[in-house]
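I have placed the structure first, in the form of structure tokens, so that the comments after it can refer back to it.
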Amino acid sequence: MEQELKKIQTHAREAIRNTADIDLLEQIRVKYVGRKGALTAILRRLKDLPLDGRKKIGDEANRLAQEIERLISEKHRELDATARETILQKERLDVTRPGARAERGHMHPVTKMLAEIERIFHSMGFETTDGPEVETDFYNFQALNMPPGHPARSMWDTFWLRQDEKQKTKDERNRLLLRTHISPVQVRYMETHNPPIRIIVPGRSYRYEATDASHDFQFEYIEGLVVDKNISVANFKAIMIDFFSRLFKKQVTVRLRPSYFPFTEPSFEIDVSCAICNGKGCSMCKRTGWLELAGAGMVHPNVFKAAGYNPKNVQGFAFGIGFSRLVSMRYNIPDIRLLNSGDLRFLKQF
Ligand SMILES: [Zn+2]
């Protein structure tokens with residue numbers, strides 16, 4: 001029995017020393033000094049021993065039981081302290097440490113380009129204005145010389161807005177849609193201002209179309225309108241040459257090609273000599289030496305009429321520049337959908 005006690009002592013000491021877990025300590029307690037523990041079993045067998053041996057072994061067993069209890073509670077305290085230490089370590093707050101720097105934002109490449117475009121036009125006496133993105137059929141089409149059924153409407157397939165019964169009107173003029181171009185603002189502006197007019201209107205317009213690397217259903221556009229008594233195509237061309245030369249920071253040539261828009265007559269496409277290859281031909285200008293950058297024309301008399309002007313007294317031109325295109329050219333962005341993606345990996349490059 002004495003030998004059994006020795007063995008229990010060795011094993012218990014070792015087990016306690018090697019434990020790193022408070023729950024395991026409790027198991028050790030049960031194993032040695034619990035109701036069915038090894039030591040308890042020995043104490044139960046004492047009654048079978050002769051009297052003197054009973055006392056000696058009994059004393060030793062009791063001492064050992066106390067030792068095990070003591071070692072366990074010591075270890076328990078030790079493990080507790082370590083655990084507290086770990087928590088403290090984790091939650092330690094060094095008030096002298098420099099703070100985490102807040103991330104600073106910067107302007108979106110489209111915003112930057114727009115600011116630059118506006119600066120140039122403002123220096124030429126234009127002012128910036130804007131208008132609603134949800135438009136009525138009247139402002140988006142009819143006032144711009146596209147009455148219901150006009151074939152040109154199919155060039156501007158659009159998003160119509162669902163209207164509830166109360167808002168529904170018999171009058172086609174008031175049907176709501178996402179504007180397909182920014183020109184409605186020209187009419188709104190002319191309704192409330194008298195010539196001379198020199199405005200630019202930056203904004204977003206929408207088309208119902210499938211997206212790909214060079215088409216998005218939403219795009220950034222800037223339109224301009226100049227109205228006065230004697231405004232000619234020559235005035236327009238001079239402004240375009242000046243504008244694009246300043247934007248590209250080199251002298252460019254501008255070419256007008258006949259085109260068609262319902263709200264201008266005559267209408268042109270505006271080609272600018274490629275600023276990258278100086279007109280020699282490169283991948284950006286598809287080897288032509290020219291970049292097609294804007295559409296324009298002399299304001300149609302019917303548009304003046306819709307806005308309440310007498311077309312006999314005024315003349316003017318309007319133009320539209322898609323500047324998502326200018327942005328992707330400047331920064332060499334292969335897919336214009338990235339511009340509206342909000343993807344930080346993309347935006348952080350600018
Ligand atoms: Zn080129």
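In the structure tokens, chains take letters A, B, ... by order of appearance, with residues numbered from 1 within each chain and ligands from 1 in the order shown.
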Kindly provide the residues of chain A that approach ligand 1 to within 7 Å, each paired with its closest atom pair and their distance in Å to one decimal, based on only C-alpha atoms and all ligand atoms, listed by chain and increasing number, as a Markdown table.
```
| residue | atom | partner | partner_atom_place_in_ligand_line | distance |
| --- | --- | --- | --- | --- |
| A:Cys274 | CA | ligand 1 | 1 (Zn) | 4.4 |
| A:Ala275 | CA | ligand 1 | 1 (Zn) | 6.5 |
| A:Ile276 | CA | ligand 1 | 1 (Zn) | 5.1 |
| A:Cys277 | CA | ligand 1 | 1 (Zn) | 4.2 |
| A:Asn278 | CA | ligand 1 | 1 (Zn) | 6.4 |
| A:Gly279 | CA | ligand 1 | 1 (Zn) | 5.6 |
| A:Lys280 | CA | ligand 1 | 1 (Zn) | 6.2 |
| A:Gly281 | CA | ligand 1 | 1 (Zn) | 4.3 |
| A:Cys282 | CA | ligand 1 | 1 (Zn) | 3.9 |
| A:Ser283 | CA | ligand 1 | 1 (Zn) | 6.3 |
| A:Met284 | CA | ligand 1 | 1 (Zn) | 5.3 |
| A:Cys285 | CA | ligand 1 | 1 (Zn) | 4.2 |
| A:Lys286 | CA | ligand 1 | 1 (Zn) | 6.9 |
| A:Arg287 | CA | ligand 1 | 1 (Zn) | 6.2 |
| A:Thr288 | CA | ligand 1 | 1 (Zn) | 6.9 |
| A:Gly289 | CA | ligand 1 | 1 (Zn) | 4.7 |
| A:Trp290 | CA | ligand 1 | 1 (Zn) | 6.6 |
```
Can you pull out the residues contacting region 117-129 of chain A? Cut-off 8 Å, using only C-alpha atoms, and skip same-chain residues under 5 positions away; I want them as a list of chain:residue names.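 Residues near the query, excluding close chain neighbours: A:Arg198, A:Ile199, A:Ile200, A:Val201, A:Pro202, A:Phe243, A:Arg246, A:Leu247.
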Using only C-alpha atoms, which residues sit within 10 Å of Pro195 (chain A) once same-chain residues fewer than 2 positions away are excluded, as a compact mmCIF listing (two decimals) with N, CA and C atoms, in the first residue's frame?
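In the end it all went to selection.txt:
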```txt
# COMPACT_ATOMS: atom_id res chain seq x y z
N MET A 190 -34.10 78.36 -71.40
CA MET A 190 -34.60 79.42 -72.29
C MET A 190 -35.97 79.90 -71.85
N HIS A 193 -35.07 82.47 -69.12
CA HIS A 193 -34.05 83.51 -69.34
C HIS A 193 -34.18 84.10 -70.74
N ILE A 197 -27.51 84.11 -74.22
CA ILE A 197 -27.34 82.96 -73.33
C ILE A 197 -26.02 82.27 -73.65
N ARG A 198 -25.27 81.97 -72.62
CA ARG A 198 -24.06 81.17 -72.78
C ARG A 198 -23.99 80.22 -71.58
N VAL A 226 -25.44 78.40 -76.83
CA VAL A 226 -25.17 79.82 -76.99
C VAL A 226 -26.29 80.40 -77.85
N VAL A 227 -26.96 81.44 -77.38
CA VAL A 227 -28.05 82.06 -78.14
C VAL A 227 -27.87 83.58 -78.10
N ASP A 228 -27.96 84.16 -79.26
CA ASP A 228 -27.91 85.63 -79.33
C ASP A 228 -28.49 86.03 -80.69
N LYS A 229 -28.32 87.30 -81.06
CA LYS A 229 -28.93 87.75 -82.31
C LYS A 229 -28.19 87.23 -83.53
N TYR A 309 -39.40 81.50 -77.65
CA TYR A 309 -38.67 82.53 -78.39
C TYR A 309 -39.24 82.67 -79.79
N VAL A 314 -33.69 85.29 -83.01
CA VAL A 314 -32.50 84.73 -82.35
C VAL A 314 -31.88 83.61 -83.18
N GLN A 315 -30.59 83.42 -82.95
CA GLN A 315 -29.88 82.28 -83.53
C GLN A 315 -29.00 81.70 -82.44
N GLY A 316 -28.60 80.45 -82.64
CA GLY A 316 -27.72 79.89 -81.62
C GLY A 316 -27.24 78.52 -82.00
```
Excluding Met113 (chain A) and its own-chain neighbours fewer than 4 positions away, which residues fall within 12 Å of it when counting only C-alpha atoms? Please give them as number ranges by chain. A: 107-109, 117-120, 202, 220-222, 247-248, 322-331, 350
Which residue, A:Glu265, A:Asn230, A:Pro311, A:Gln218, has the smallest gap to Leu338 (chain A) when you use only C-alpha atoms?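 Closest to Leu338 (chain A) of all the choices is A:Gln218.
CA of Arg204 (chain A) sits 12.0 Å away from CA of Leu114 (chain A).
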Can you pull out the residues contacting Met146 (chain A)? Cut-off 10 Å, using only C-alpha atoms, and skip same-chain residues under 4 positions away; I want them as a VMD selection string. chain A and resid 137 to 142 150 to 153 261 to 263 302 to 303
Fewer than 6 positions away in the same chain doesn't count, so skip those; otherwise give me all residues within 8 Å of Phe317 (chain A), counting only C-alpha atoms, as a list in words. Leu225, Val226, Val227, Ile231, Ser232, Val233, Phe236, Thr264, Ala296, Gly297, Met298 and Val299 of chain A
Among region 155-334 of chain A, which ones does DSSP place in strand (DSSP E), written as a count of residues only? 58
Taking 6 positions as the minimum chain separation for residues in the same chain, which residues sit within 10 Å of region 21-35 of chain A when counting only C-alpha atoms? Answer as a list of chain:residue names.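 Residues near the query, excluding close chain neighbours: A:Ile8, A:Gln9, A:His11, A:Ala12, A:Ala15, A:Ala41, A:Asn62, A:Leu64, A:Ala65, A:Gln66, A:Ile68, A:Glu69, A:Leu71, A:Ile72, A:Ser73, A:Lys75, A:His76, A:Arg77, A:Glu78, A:Leu79, A:Asp80.
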Among listed residues A:Val95, A:Leu39, A:Leu177, A:Leu344, nearest Pro132 (chain A) (using only C-alpha atoms):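 Ranked by minimum distance to Pro132 (chain A), first place goes to A:Leu177.
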Between A:Leu43, A:Glu103, A:Arg70, A:Val187, which residue has the minimum interatomic distance to Lys55 (chain A), considering only C-alpha atoms?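 Between A:Leu43, A:Glu103, A:Arg70, A:Val187, the residue approaching Lys55 (chain A) most closely is A:Leu43.
In this structure, CA of Phe304 (chain A) sits 9.8 Å away from CA of Asn145 (chain A).
What separates CA of Leu339 (chain A) from CA of Ile182 (chain A) is a distance of 19.3 Å.
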